[in-house]
file input00.txt (compact mmCIF, C-alpha atoms)
# COMPACT_ATOMS: atom_id res chain seq x y z
CA MET A 891 19.62 -32.49 -55.05
CA PRO A 892 16.24 -33.94 -54.05
CA ASN A 893 17.78 -35.22 -50.80
CA ASP A 894 19.22 -31.77 -50.06
CA ARG A 895 15.82 -30.15 -50.60
CA LEU A 896 14.19 -32.75 -48.38
CA LYS A 897 16.66 -31.98 -45.57
CA ILE A 898 15.95 -28.24 -45.96
CA TYR A 899 12.18 -28.82 -45.74
CA GLN A 900 12.58 -31.05 -42.68
CA THR A 901 14.77 -28.50 -40.90
CA ALA A 902 12.30 -25.67 -41.66
CA ALA A 903 9.42 -27.77 -40.37
CA ILE A 904 11.26 -28.49 -37.09
CA ILE A 905 12.03 -24.81 -36.59
CA LEU A 906 8.39 -23.90 -37.26
CA ILE A 907 7.18 -26.47 -34.73
CA LEU A 908 9.58 -25.15 -32.06
CA VAL A 909 8.51 -21.53 -32.63
CA VAL A 910 4.79 -22.34 -32.50
CA GLY A 911 5.27 -24.51 -29.42
CA SER A 912 7.21 -21.81 -27.61
CA TYR A 913 4.53 -19.23 -28.43
CA GLY A 914 1.87 -21.54 -27.08
CA ILE A 915 3.81 -22.09 -23.85
CA LEU A 916 4.23 -18.34 -23.41
CA ARG A 917 0.52 -17.77 -23.92
CA VAL A 918 -0.43 -20.47 -21.45
CA THR A 919 2.07 -19.17 -18.90
CA GLY A 920 0.92 -15.58 -19.35
CA SER A 921 -2.69 -16.63 -18.95
CA TYR A 922 -1.84 -18.45 -15.71
CA VAL A 923 -0.13 -15.39 -14.23
CA ASN A 924 -2.89 -13.03 -15.30
CA SER A 925 -5.53 -15.23 -13.73
CA PHE A 926 -4.03 -14.36 -10.34
CA ASP A 927 -3.40 -10.71 -11.08
CA PRO A 928 -5.35 -8.76 -8.41
CA THR A 929 -6.06 -6.03 -10.96
CA THR A 930 -7.91 -8.35 -13.33
CA VAL A 931 -9.82 -10.79 -11.11
CA ARG A 932 -13.28 -10.10 -9.78
CA SER A 933 -12.99 -9.59 -6.06
CA PHE A 934 -14.42 -7.89 -2.99
CA THR A 935 -13.07 -6.81 0.38
CA VAL A 936 -14.27 -7.10 3.95
CA ASN A 937 -12.90 -5.75 7.19
CA ALA A 938 -13.44 -6.62 10.82
CA THR A 939 -12.01 -5.72 14.21
CA GLY A 940 -10.95 -8.11 16.94
CA ASP A 941 -10.72 -7.17 20.60
CA ALA A 942 -8.78 -8.69 23.45
CA ILE A 943 -8.94 -7.73 27.11
CA ALA A 944 -6.03 -8.43 29.41
CA LYS A 945 -5.73 -7.76 33.11
CA SER A 946 -2.89 -5.41 33.98
CA ASP A 947 0.13 -7.27 35.31
CA ILE A 948 2.70 -4.46 35.59
CA ALA A 949 2.69 -0.82 36.66
CA GLN A 950 4.90 2.02 35.50
CA PHE A 951 5.63 5.47 36.86
CA THR A 952 8.25 8.18 36.50
CA TYR A 953 9.89 10.22 39.23
CA SER A 954 12.13 13.27 39.06
CA VAL A 955 15.03 14.40 41.21
CA LEU A 956 15.49 18.18 41.02
CA THR A 957 18.39 20.12 42.54
CA GLU A 958 18.81 23.89 42.33
CA GLY A 959 21.89 25.80 43.38
CA GLY A 960 24.69 28.13 42.41
CA LYS A 961 27.17 28.11 39.58
CA ASP A 962 29.29 25.21 40.86
CA LEU A 963 28.00 22.51 38.53
CA ALA A 964 30.26 19.81 39.96
CA LYS A 965 28.89 20.35 43.45
CA LEU A 966 25.34 20.57 42.15
CA GLY A 967 25.79 17.38 40.13
CA ASP A 968 27.12 15.49 43.16
CA GLU A 969 24.15 16.62 45.26
CA ASN A 970 21.66 15.56 42.61
CA SER A 971 23.39 12.20 42.15
CA THR A 972 23.35 11.56 45.90
CA LYS A 973 19.60 12.10 46.07
CA GLY A 974 19.00 10.14 42.88
CA ASN A 975 21.09 7.20 44.04
CA ALA A 976 19.23 7.14 47.35
CA ALA A 977 15.92 6.87 45.48
CA LYS A 978 17.27 4.08 43.25
CA GLN A 979 18.67 2.18 46.22
CA TYR A 980 15.31 2.39 47.97
CA LEU A 981 13.61 0.85 44.93
CA LYS A 982 16.23 -1.92 44.79
CA ASP A 983 15.70 -2.68 48.46
CA GLN A 984 11.99 -3.05 47.71
CA GLY A 985 12.68 -5.65 45.01
CA VAL A 986 12.76 -3.54 41.84
CA ALA A 987 15.39 -4.94 39.46
CA ASP A 988 18.06 -2.78 37.82
CA GLU A 989 16.65 -3.51 34.37
CA ASP A 990 13.26 -2.15 35.50
CA MET A 991 14.70 1.32 36.19
CA LYS A 992 15.67 3.54 33.29
CA THR A 993 16.80 7.17 33.13
CA VAL A 994 14.62 8.82 30.50
CA GLY A 995 15.71 12.43 30.97
CA TYR A 996 18.60 14.47 32.38
CA THR A 997 18.66 18.25 32.00
CA VAL A 998 20.92 21.06 33.18
CA SER A 999 19.20 24.45 33.00
CA PRO A 1000 20.45 27.94 33.90
CA ARG A 1001 18.73 30.02 36.57
CA TYR A 1002 18.50 33.73 35.72
CA GLN A 1003 18.31 36.92 37.75
CA TYR A 1004 16.02 39.47 36.11
CA PHE A 1005 15.96 43.20 36.89
CA ASN A 1006 12.99 45.52 37.18
CA CYS A 1007 14.18 48.93 36.08
CA GLY A 1008 10.91 50.81 36.29
CA TYR A 1009 9.30 49.78 33.02
CA GLY A 1010 5.57 50.39 33.02
CA THR A 1011 5.81 53.42 35.34
CA GLN A 1012 5.31 57.11 34.52
CA SER A 1013 8.68 58.10 35.88
CA SER A 1014 10.95 60.04 33.55
CA ASP A 1015 13.98 58.71 35.42
CA VAL A 1016 13.76 55.20 33.93
CA LYS A 1017 17.22 54.05 32.90
CA PRO A 1018 18.33 51.22 30.56
CA CYS A 1019 18.02 47.89 32.34
CA PRO A 1020 21.04 45.57 32.60
CA PRO A 1021 20.67 42.20 30.89
CA SER A 1022 19.57 39.21 32.90
CA GLU A 1023 22.40 37.19 34.33
CA ILE A 1024 22.91 33.53 35.26
CA VAL A 1025 23.04 33.12 39.02
CA GLY A 1026 22.99 29.32 39.15
CA TYR A 1027 21.79 26.08 37.61
CA SER A 1028 19.11 23.42 38.02
CA ILE A 1029 19.71 19.73 37.41
CA ASN A 1030 16.75 17.41 36.87
CA GLU A 1031 16.90 13.63 36.38
CA THR A 1032 13.78 11.70 35.36
CA VAL A 1033 13.64 7.93 35.90
CA GLU A 1034 11.03 5.48 34.61
CA VAL A 1035 10.21 2.55 36.89
CA LYS A 1036 8.47 -0.73 36.08
CA VAL A 1037 6.78 -2.46 39.02
CA ARG A 1038 5.93 -6.16 38.72
CA ASP A 1039 4.35 -6.57 42.15
CA LEU A 1040 1.18 -4.48 41.87
CA LYS A 1041 0.61 -4.65 45.63
CA LYS A 1042 3.70 -2.47 46.12
CA VAL A 1043 2.79 0.36 43.74
CA GLY A 1044 1.33 2.67 46.38
CA ASP A 1045 4.22 2.15 48.77
CA LEU A 1046 6.82 2.72 46.07
CA VAL A 1047 5.18 5.88 44.75
CA SER A 1048 5.11 7.32 48.28
CA GLY A 1049 8.45 5.98 49.42
CA VAL A 1050 10.52 7.17 46.47
CA VAL A 1051 9.63 10.76 47.35
CA THR A 1052 10.73 10.39 50.95
CA LYS A 1053 14.01 8.93 49.68
CA GLY A 1054 15.07 11.79 47.41
CA ALA A 1055 12.63 12.28 44.53
CA ASN A 1056 10.82 15.61 44.17
CA SER A 1057 7.84 14.44 42.14
CA VAL A 1058 6.09 11.36 40.77
CA SER A 1059 3.97 11.28 37.60
CA ASN A 1060 2.45 9.05 34.91
CA VAL A 1061 1.39 6.19 37.14
CA GLN A 1062 -0.15 3.67 34.72
CA PHE A 1063 -1.00 -0.01 34.47
CA THR A 1064 -0.39 -2.14 31.40
CA VAL A 1065 0.47 -5.64 30.15
CA ASP A 1066 4.03 -6.92 30.00
CA ASP A 1067 3.52 -9.57 27.27
CA THR A 1068 1.78 -7.53 24.57
CA ASP A 1069 2.36 -10.13 21.83
CA ALA A 1070 0.00 -12.66 23.39
CA VAL A 1071 -2.80 -10.11 23.74
CA GLU A 1072 -2.34 -8.84 20.20
CA LYS A 1073 -2.39 -12.42 18.83
CA GLU A 1074 -5.73 -13.06 20.51
CA ALA A 1075 -7.20 -9.88 19.03
CA ARG A 1076 -5.85 -10.73 15.56
CA GLU A 1077 -7.36 -14.23 15.59
CA GLU A 1078 -10.75 -12.81 16.51
CA ALA A 1079 -10.49 -10.19 13.74
CA PHE A 1080 -9.73 -12.87 11.11
CA ALA A 1081 -12.60 -15.07 12.32
CA ARG A 1082 -15.05 -12.18 12.09
CA ALA A 1083 -13.77 -11.14 8.65
CA ARG A 1084 -14.05 -14.69 7.25
CA ALA A 1085 -17.60 -15.04 8.57
CA LYS A 1086 -18.51 -11.67 7.10
CA ALA A 1087 -17.07 -12.60 3.70
CA GLN A 1088 -18.97 -15.88 3.63
CA ALA A 1089 -22.21 -14.10 4.57
CA ILE A 1090 -21.71 -11.63 1.70
CA ALA A 1091 -21.03 -14.46 -0.75
CA ASP A 1092 -24.18 -16.30 0.36
CA ALA A 1093 -26.30 -13.17 0.06
CA GLY A 1094 -24.82 -12.31 -3.35
CA GLY A 1095 -25.30 -15.80 -4.76
CA PHE A 1096 -21.67 -16.46 -5.59
CA LYS A 1097 -18.93 -18.69 -4.24
CA LEU A 1098 -16.11 -17.43 -2.10
CA GLY A 1099 -12.79 -17.72 -3.92
CA GLN A 1100 -9.28 -17.72 -2.58
CA LEU A 1101 -7.89 -15.04 -0.28
CA ILE A 1102 -5.72 -12.76 -2.43
CA ASP A 1103 -4.77 -9.89 -0.12
CA VAL A 1104 -4.49 -9.15 3.61
CA GLN A 1105 -3.98 -5.83 5.38
CA GLU A 1106 -3.80 -5.21 9.09
CA GLY A 1107 -4.27 -2.11 11.18
CA GLY A 1108 -4.34 -1.29 14.86
CA GLY A 1109 -2.57 -3.61 17.26
CA GLY A 1110 0.50 -2.42 19.13
CA SER A 1111 0.77 -2.07 22.87
CA PRO A 1112 -2.36 -2.23 24.99
CA TYR A 1113 -3.69 1.18 25.86
CA PRO A 1114 -2.40 1.82 29.41
CA MET A 1115 -4.84 2.40 32.24
CA TYR A 1116 -3.76 5.42 34.25
CA ALA A 1117 -3.95 5.35 38.03
CA ALA A 1118 -7.40 5.79 39.45
CA ASP A 1119 -9.22 5.48 42.73
CA VAL A 1120 -6.48 7.20 44.70
CA LYS A 1121 -7.57 7.14 48.35
CA GLY A 1122 -4.49 8.66 49.90
CA PHE A 1123 -1.05 9.93 49.13
CA GLY A 1124 1.57 9.21 51.74
CA MET A 1125 4.09 11.94 51.00
CA GLY A 1126 6.22 13.44 53.70
CA GLY A 1127 6.09 10.41 55.95
CA ALA A 1128 2.28 10.22 56.17
CA GLU A 1129 0.92 6.84 57.13
CA THR A 1130 -1.68 6.69 54.33
CA VAL A 1131 -0.41 5.47 50.97
CA PRO A 1132 -2.26 5.70 47.65
CA GLU A 1133 -4.46 2.78 46.65
CA PHE A 1134 -4.60 2.30 42.88
CA ALA A 1135 -7.09 0.33 40.79
CA ALA A 1136 -5.09 -1.54 38.15
CA GLY A 1137 -8.06 -2.41 35.89
CA SER A 1138 -7.72 -4.06 32.48
CA ASN A 1139 -6.23 -3.18 29.10
CA GLU A 1140 -7.82 -3.52 25.68
CA VAL A 1141 -6.14 -4.24 22.34
CA ASN A 1142 -7.86 -3.76 18.97
CA VAL A 1143 -6.67 -5.26 15.68
CA THR A 1144 -8.42 -4.55 12.37
CA VAL A 1145 -7.91 -6.72 9.27
CA THR A 1146 -9.02 -6.13 5.70
CA LEU A 1147 -9.32 -9.26 3.55
CA ARG A 1148 -9.75 -9.39 -0.22
CA TYR A 1149 -11.38 -12.47 -1.70
CA GLN A 1150 -11.74 -13.71 -5.27
CA ILE A 1151 -15.31 -14.06 -6.56
CA LYS A 1152 -16.03 -17.44 -8.17

call {"tool": "encode", "arguments": {"input": "input00.txt", "output": "structure tokens"}}
result
Amino acid sequence: MPNDRLKIYQTAAIILILVVGSYGILRVTGSYVNSFDPTTVRSFTVNATGDAIAKSDIAQFTYSVLTEGGKDLAKLGDENSTKGNAAKQYLKDQGVADEDMKTVGYTVSPRYQYFNCGYGTQSSDVKPCPPSEIVGYSINETVEVKVRDLKKVGDLVSGVVTKGANSVSNVQFTVDDTDAVEKEAREEAFARARAKAQAIADAGGFKLGQLIDVQEGGGGSPYPMYAADVKGFGMGGAETVPEFAAGSNEVNVTVTLRYQIK
């Protein structure tokens, strides 16, 4: 019997040791996690903006091919396609690649005949007016063009009209590789934010702890520079073509950093 009791006591002691040890491990582990909980640590935030300037290396513009006619949509579509294809072929002949031309809009709209039946007059003979009726259709195709040789922008804007387009709009200059410009702006934003955080820590008399949160705003594509300094517009076969100033593009990236206070 004494040996049996001794075994029982030993087993109970082992169980007690395991329970206490497990509880201690849980407490230590929980304390470790909580020490990095952003809601419990003392911290402060700083924000800064980085800027990057890049010279425009591509131009973009859109042109439209409009055809108006009767009710024969097939005939009207063929006519519009003929003019549109002539404009596209002109751009290809000038070195614009297929992948740099994209149709961004194609609409078919009815054309109405409206009747004036004397409304607004003092005549007592005014009769009910017949409803408006469709007398034909308009087809409009809008194409976006990317130009990589900036020296050709003026010629292309003028030439595409003489080759079938009815109008040109949204001439703008931007940067093709936006990632590189955005990276430069981001690096400057982080450098400014780190310096600002260190200055705050020095002024406040505390040490800068680890970085515990990062948020970024801004970025994206460089803001496009629209065409400026137009000195001529060679539509209709005129010898003078527009001269555009490409300029530069600016990208802004803002970062907010949260640091632990030591």

call {"tool": "closest_residue", "arguments": {"input": "input00.txt", "among": "A:Ile1102, A:Val1058, A:Val1071, A:Ala987", "to": "Ser946 (chain A)", "atoms": "only C-alpha atoms"}}
result
A:Val1071

call {"tool": "residues_around", "arguments": {"input": "input00.txt", "residues": "Leu981 (chain A)", "least_positions_apart": "5", "cutoff": "12 Å", "atoms": "all atoms listed in the file", "output": "PDB file with C-alpha atoms, keeping the file's coordinate frame"}}
result
ATOM      1  CA  TYR A 953       9.890  10.220  39.230  1.00  0.00           C
ATOM      2  CA  GLY A 974      19.000  10.140  42.880  1.00  0.00           C
ATOM      3  CA  ASN A 975      21.090   7.200  44.040  1.00  0.00           C
ATOM      4  CA  ALA A 976      19.230   7.140  47.350  1.00  0.00           C
ATOM      5  CA  VAL A 986      12.760  -3.540  41.840  1.00  0.00           C
ATOM      6  CA  ALA A 987      15.390  -4.940  39.460  1.00  0.00           C
ATOM      7  CA  ASP A 988      18.060  -2.780  37.820  1.00  0.00           C
ATOM      8  CA  GLU A 989      16.650  -3.510  34.370  1.00  0.00           C
ATOM      9  CA  ASP A 990      13.260  -2.150  35.500  1.00  0.00           C
ATOM     10  CA  MET A 991      14.700   1.320  36.190  1.00  0.00           C
ATOM     11  CA  VAL A1033      13.640   7.930  35.900  1.00  0.00           C
ATOM     12  CA  GLU A1034      11.030   5.480  34.610  1.00  0.00           C
ATOM     13  CA  VAL A1035      10.210   2.550  36.890  1.00  0.00           C
ATOM     14  CA  LYS A1036       8.470  -0.730  36.080  1.00  0.00           C
ATOM     15  CA  VAL A1037       6.780  -2.460  39.020  1.00  0.00           C
ATOM     16  CA  LYS A1042       3.700  -2.470  46.120  1.00  0.00           C
ATOM     17  CA  VAL A1043       2.790   0.360  43.740  1.00  0.00           C
ATOM     18  CA  ASP A1045       4.220   2.150  48.770  1.00  0.00           C
ATOM     19  CA  LEU A1046       6.820   2.720  46.070  1.00  0.00           C
ATOM     20  CA  VAL A1047       5.180   5.880  44.750  1.00  0.00           C
ATOM     21  CA  SER A1048       5.110   7.320  48.280  1.00  0.00           C
ATOM     22  CA  GLY A1049       8.450   5.980  49.420  1.00  0.00           C
ATOM     23  CA  VAL A1050      10.520   7.170  46.470  1.00  0.00           C
ATOM     24  CA  VAL A1051       9.630  10.760  47.350  1.00  0.00           C
ATOM     25  CA  THR A1052      10.730  10.390  50.950  1.00  0.00           C
ATOM     26  CA  LYS A1053      14.010   8.930  49.680  1.00  0.00           C
ATOM     27  CA  GLY A1054      15.070  11.790  47.410  1.00  0.00           C
ATOM     28  CA  ALA A1055      12.630  12.280  44.530  1.00  0.00           C
TER      29      ALA A1055
END

call {"tool": "closest_residue", "arguments": {"input": "input00.txt", "among": "A:Leu963, A:Ala949, A:Val1065, A:Val936", "to": "Asp1039 (chain A)", "atoms": "all atoms listed in the file"}}
result
A:Ala949

call {"tool": "closest_residue", "arguments": {"input": "input00.txt", "among": "A:Leu1040, A:Ala1091, A:Val955, A:Ile948", "to": "Val998 (chain A)", "atoms": "only C-alpha atoms"}}
result
A:Val955

call {"tool": "closest_residue", "arguments": {"input": "input00.txt", "among": "A:Arg1001, A:Lys1086, A:Lys978, A:Ala944", "to": "Asp1069 (chain A)", "atoms": "only C-alpha atoms"}}
result
A:Ala944

call {"tool": "atom_distance", "arguments": {"input": "input00.txt", "atom1": "CA of Thr935 (chain A)", "atom2": "CA of Ala1087 (chain A)"}}
result
7.8 Å

call {"tool": "atom_distance", "arguments": {"input": "input00.txt", "atom1": "CA of Gln1003 (chain A)", "atom2": "CA of Glu1031 (chain A)"}}
result
23.4 Å

call {"tool": "closest_residue", "arguments": {"input": "input00.txt", "among": "A:Asp1067, A:Asp962, A:Glu1023, A:Glu1106", "to": "Ala1083 (chain A)", "atoms": "only C-alpha atoms"}}
result
A:Glu1106

call {"tool": "atom_distance", "arguments": {"input": "input00.txt", "atom1": "CA of Glu1133 (chain A)", "atom2": "CA of Asn1030 (chain A)"}}
result
27.6 Å
